[in-house]
Each structure stands twice: as C-alpha cells, then as structure tokens.
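Notes for the one structure printed next.
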Amino acid sequence: MKFRRFFKEITGYQPYDFQLECTETLASGKSLILTAPTGSGKSEVALVPFILSKNEELPSQMVYSLPTRTLIENLSHRALKYAAFKNQSVAIHHGKRVESSLFEEDIIVTTIDQTVGAYVCTPLSAPLRRGNIFAGGVSSAFLVFDEIHTFDPHRGLQTAITLIEHSSKLKLPVCVMSATLPSILVEKIENKIIKPNYNNVETKEVEDENEIKSRKDRKVTLHINFNKILSADIVVDSYNSLSNKKLIVICNTVDKAQALFKDLHKDYENKILRDEITDVKLILIHSRFLDDDRKEKEDKLQRLFYKESKENVILISTQVIEVGINISANAILTEIAPIDSLIQRAGRCVRWGGEGDFYVYNAENYGPYKELKDIIDNTKKELEKYNGETLTWALERKLVNEILTDYYTKILDDSNRYKILGTLARAVYGGNKSLSEETVREAYTCGVSICNDPRSLGDDIKKLQKVNVNVWVFKWKVGKLLENDIKVWKIGENNIIGDYETKYAPSLINDVSEILPFQNYIVSLKGAKYDNDTGLILSEKGTQEFSKIEERTIEEKIKEFYMKKETWVEHANRTLEILDAYFLPKYNYVIGKFADAFNMDKKDLIEKIRIAVALHDIGKLNIHWQKKIGWNGREPLAHSDRNDIIRIGIPHATVSAVALGRVFRGWGKATGVPFYLAVSHHHSPRAKEYKKYKFINNWNNIVVEVLPNSSLNKDVISYSKGNGEIEIPFIDISQNQNVLPYKFYAFTSKILRLSDWIATQGEINAILYS
C-alpha cells in the first residue's frame, strides 16, 4: 500500500500491477530484469524506487543508460518532475546536451556510450583529467539499462553485460529493461552474470497486456507483402484509403527514404494524393540532418502525431523513430527488418489504443542489416505464418524467441565479452576515447561539411557545421565524387606552423582509402546538397554551404577561481570536514558494500579513507615544493594567494602516493593499490612520474596534528626519495580479481578529489577549472 500511494504521488497515476511489483523489488535492494511491451511505463519502474530508497536499499546515484539522445530527451521531463518529489538533482547528459560536469548528480540520464566512457576514466564530453571522478560515479551507482535490445549485440550489449557483472560483484542492484529481450538473454544475465555474484535478482515478464490500458484497447493487424517493394504508389494508395489521415513509412536506409520522399513530392505536386483534404504535411526524418534541424523535426512530429492532433501527415523515416519519439499512426508501412526492429516499429501503431494496420514489404537490399541476412530470412518465414493476424504481446514474444534464440546463443559466448574487456582495459590505461566508443557500436561515422573554399576559413574550419555519415556509405559516395573530379577535403592538423600558418588545414582526398572513421571531411557544392526538408544528399549539386558554429571563448564559459592562502594543516582539516560532513553520509550505502566485499569492518574502512584523504597532499611537505610556493620556514603551505604562482611545476600527488606506499601496502592489495592510485591520481588519472623529494623537518608532528587518534604508523612513511615512476600505473580491469579494486579506486578518487576541491574553493564546481 505504501508503494502504491508513493507511486501515484510521484507520477500522478495509479501503477499497473507489474509496475508495483517491480517497484517493490528494486526498493528492497534486488536486481531486476524486466520485459514489458512498448509504451507500458518501464521508465517509472526504475525511477520511482530509486527516489524512494536512495542511500537505503539502493546506491546514492542512478545512472540511467539509453541508446539514443531522443529517448533521453523524452525521458528528461518525467525524470525532472519525479525527482522533485524528494528534491533530488537530475542531469541530462549526451553529446549535444552536457549537463553533468562531474557525474555527481543524484540521477544521470545518459547514452550508453557516455556511461561506458565514464566507467573507463575516459569521459566523452569532459576533459580526460576528470576521468576518475566520472568512473567513481558509474562504479558506485545504481545502473539502469533501458531498451538494451537496441545495443549492438557484439559490442554495446557485451559491454552492458560486463558493467552489470561488475556491479553485481559489489552486490549493487541493477535494472535491465526491454520490450524484445529473448528468453535466452534474460536467462544469461540472470543466471550467468548476476546470480553467481549477487543471488538477489528477480525477472519479470508482463504476461497479460490487457493490464495496460493502451494495450488493452489496441488491435494491430499484420499485413505481409513480400512480393512487393515499398514505393511511392503504395504510400499514396495507403494514405488515400485511411479515414484517419496519419501514415508512417519506415525505410532501412537514408538513400531509400530520401528517394521515396522526392517521389512523393512529385506525386503531391501532380495531385496524385487524391482526396477531398489536400492539406497534407509530408515530412522526412533520418540521421543526416544537422542537429538543430533534426531536433526541430522531432518536436514537430510530437505535435503532429500526438493523440489530440487533427493534422493530416505522411512521415517518411528510417530506424531513427524506432525508439524514443512518442508518436502514433493508424497505419505503418515498413521495409523488412529483423524481428526486434519490426516490433519496435509496430510500437508506433495505434500507440494509445484503437485499431491499426502494420504492413511489411520487401526491400531491394537489407542495408544496415546485410550482416543479419539469416535473421531477416527467418523473420520473413515466420511472419508469413501470421499474415492477417493480430500482433499481440504474446505473438511478439513468440516471434522474438523463435527467430532470435540461435543468434543470441552464438553472440553470448563468453569469448566475445573477453574481447570487449580487453578493449575496455586499454581504454582505461591509455585514455583513448575511440577505444571506449568501439566497445559500444561498430557503426563508425565521420563528420561531413559542405564548403567550396575551406582554405579560406583558417582555424574556423573546425567550427563548420557537420552531419555524421556512416564511414562505409561515405567511402562509396566519395568514390563516385572522385570519378567526376569533385573535390573532397579532409580536415587535419597542420604539422608545420609558422607565423602565417593555421593549426588546422584541409587536404584534398585522392583515394577512398583515405576516408577514416571519426575524422571530418568537406565536400564542395558540386558534390553535396543540403536543405531543411531533405537533409544531406551526396552526389547532387548544392547551393547552400554549411555555416560556422560560433563558440564562446573559455573566458565566457567559466568564471575565474582564485586560490586563497591556506596552510597545509588548514587544508587537510577542511578536506576531512567536507568528507565527514558530506561524502561519508552521502555514500554510506556504497561504503558498506565495499566493506562487505573486502571482508572489513565498515569503521575500519572509513578510517582508512579518512587517512588517505587527510594525507593526500603530504607530497606538498616536500621542501622543494614549499620553497617554490613561497614558504616562510614556519607553517607549511597547501596553497598560495600569489598571482605569479599558478603552477608549481613540481609534482606532489605522485610524491604523496610514493611516500604513503608502505602504509597502503600494509592494508593489503585489495584496498592498498586503490588508495595508492587514488592519491597519485588526485589531479590527473594517468599521472605516474615523480621528482626527487625530501620532507621538511617536523613533518611527522604535522601529520599527527591532523590525525591525532589515528592507527596510522607514521614510521613507515617514506620521507625522501629520488626521481622515479609510481610502481603501479593503473588497474587492469580485464582481470577478474581486479574488478572490485578498480571500482574502489574510482570511488575513492571521486570522493577524495571532490572533498579536496570543495575544501579549497568552497564549492564543487571549483574542480572544473583546475
């Protein structure tokens, strides 16, 4: 009864039975794997229990991972509304909306690639130097993976499963949700990934769709037309047969969608759309629009296809509307695709109830699904059995299991995940963002701009608007352009910079082998066209060049933070005060989990955390460092207010770690190595060198002043040493025994760095400008 009442107070509506059961499961600290129909309210299942049980039965943070930005934007309004119930903070975080600077908010709604990048100390939308703060967020959070079926099976899915396993090793609850999870995937995650580490997981599959109001009053009829190719004539005939003039058409490729849109425009102009209502809005959406144009189209679609709308609309689209855009039509025409994609597309048909029709046509080629030919062939074979039948939830589940079981049996082989683990480990060690992205998706893209004279732009060339295009598609298009002597440039860094040179320079492409992923290219107007209706078309002559995106200067983006003079003892005490007053209470739940994982008394672990935080700057007691900062020979300093001293130039973080190395070794490898690295990396997660140092006289009494009643054995502190590098540069997460130490390293780094900077500047944002 308590959860039912709170659920309604938070969301504004009474929960379905499955929502209530799932809320109770998560609020009790258990993991959950949920399979439920599209549009059934899965998101609330994760958000409500977190809001109610934060830092009690669930961690202090939630990282909610989704496959697309559109899904995030649609969820953002509800997340903000629900979180306000308990005044919790929310960040919406993706490549075009970066709201989390430190991954420290209570609820972070983000894309799967941002989550993975954060976990491996390689944040995609923040400087690398903040990497271990982001990692600390993901390592200690309640992880939610929604629409997990859309993750690349060989990459993103394997990576998500790895993160689920790593969280389960710490016995942190996780939540996995989808409408099209095959039973074999559910069984794998439950029995092979979670249960061996955390035998506290429940699976839930909605059995009766009539429980959900929109599904109860919904009837979608399947129409199989594999003897026909989707064409403009079919679209026109279908539209004219509708009483409710809303039609959605879904193609597998951008080229097909653009061609169909052009054909329909001709038909519209020639009055082939024969109807007494001639005011038909014809809209095209796909991935090759500029970000602002695509966002405008998405907003427009939400209005035109909302259940109260009376507009007459034909939408031509690609897979971009499979998830995330909350629209509905009485009829959907689609090209053949894998069964899970088709079910997502069918989810746009009479989404809010009523009777609708779902038509499936053949395709000239399988486009992005060409590697999944066997699955599409099986999809065709199975769908033909149900031509003319109602596409119920039970039938959806049956089709998913019959068609996808063999495929998932192969891709869920552990060897695939071990490859991903190796790549994740390399990303951690090297801070390589592209390696992190490789573990999420294989669809490599490159940025494409339009300009006739890129050399005239100077360094502004990097500010050109761009559209992301699949690298293999772009290679094929460039081949055609080069055959016709149309210029294509690559934007690269200028290796020879003189007084009159620029940092970036365009170089002409002579062969398609020069086209690489994650690079930016420019096509002349002879070979590229763009308009707001059709998007980017390669191989057609255009008239509109891309404009520059004017970015604010660094001075406009940030405010100045000035150091104030602070003695070493004052800073150590303030840092401990912040830790004790804010971070230890906030992360009480997670600290308890780490204590259990390391078979330690919680109080003992907290004492060790306090020692590491108190002495994180012991390297500043180096006499060389003190002389450089302007020490007067009496009270050693932590910070100076002198404007002429911005960077000391003498490492102190790595020196602190080396000095405390024997202290940490005495605590055992499981926690000692994480503490050693957290101290070493409290300014940069990949610092490793240290210079010759010698502590000032009386250093040991200063340490005692900060930690008067501590169990610390100060006699093992190394107070002098020559030049060198830290013994262990990073923790290899590809090794099973290193997972918990890595997570503890990330968590400790986070609370140490944030305590340090709040103590220094009085606010958490100070770290952004360090």
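Each chain of the structure tokens is named A, B, ... in the order shown, its residues numbered from 1; ligands are numbered from 1 in display order.
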Contacts of Ile133 in chain A within 8 Å, only C-alpha atoms, excl. fewer than 6 positions in-chain, as JSON, numbers by chain
{"A": [102, 103, 121, 746, 747, 749, 750, 751, 753]}
Need to verify the contact set: range 680-690 of chain A, 8 Å, only C-alpha atoms, exclusion of same-chain residues closer than 3 positions in sequence. Can you return it as number ranges by chain?
A: 121, 128-132, 429, 616, 651-658, 676-677, 723-726, 729-730, 749, 752-753
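Distances from A:Val98, A:Val48, A:Val448, A:Leu71 to Ala84 in chain A were compared using only C-alpha atoms, and the smallest one belongs to A:Val48.
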Quick one: everything within 12 Å of Val663 in chain A, counting only C-alpha atoms, minus sequence neighbours fewer than 6 positions away in the same chain. Send it as a PyMOL selection string.
chain A and resi 608+611-612+615+656-657+669+671-673+675-676+711-718
Skip Ala257 in chain A itself and residues of its chain fewer than 4 positions away, then list as a ChimeraX atom specification all residues within 9 Å of it, counting only C-alpha atoms.
/A:249-253,261-262,284-286,316-318
Serialized selection, C-alpha atoms, as a short mmCIF file (atom, residue, chain, number, x, y, z; two decimals), in the first residue's frame:
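Done, and the output landed in out_12.cif:
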```cif
data_model
loop_
_atom_site.label_atom_id
_atom_site.label_comp_id
_atom_site.auth_asym_id
_atom_site.auth_seq_id
_atom_site.Cartn_x
_atom_site.Cartn_y
_atom_site.Cartn_z
CA VAL A 249 6.57 4.93 -43.57
CA ILE A 250 9.86 3.40 -42.36
CA CYS A 251 12.80 2.64 -44.66
CA ASN A 252 16.03 0.84 -43.85
CA THR A 253 18.40 3.37 -45.46
CA PHE A 261 10.29 11.49 -50.20
CA LYS A 262 11.25 13.04 -53.57
CA LEU A 284 11.16 13.33 -43.84
CA ILE A 285 13.40 12.45 -40.90
CA HIS A 286 16.63 10.46 -40.77
CA ILE A 316 8.92 9.14 -44.23
CA SER A 317 11.56 7.88 -41.82
CA THR A 318 14.35 5.44 -41.09
#
```
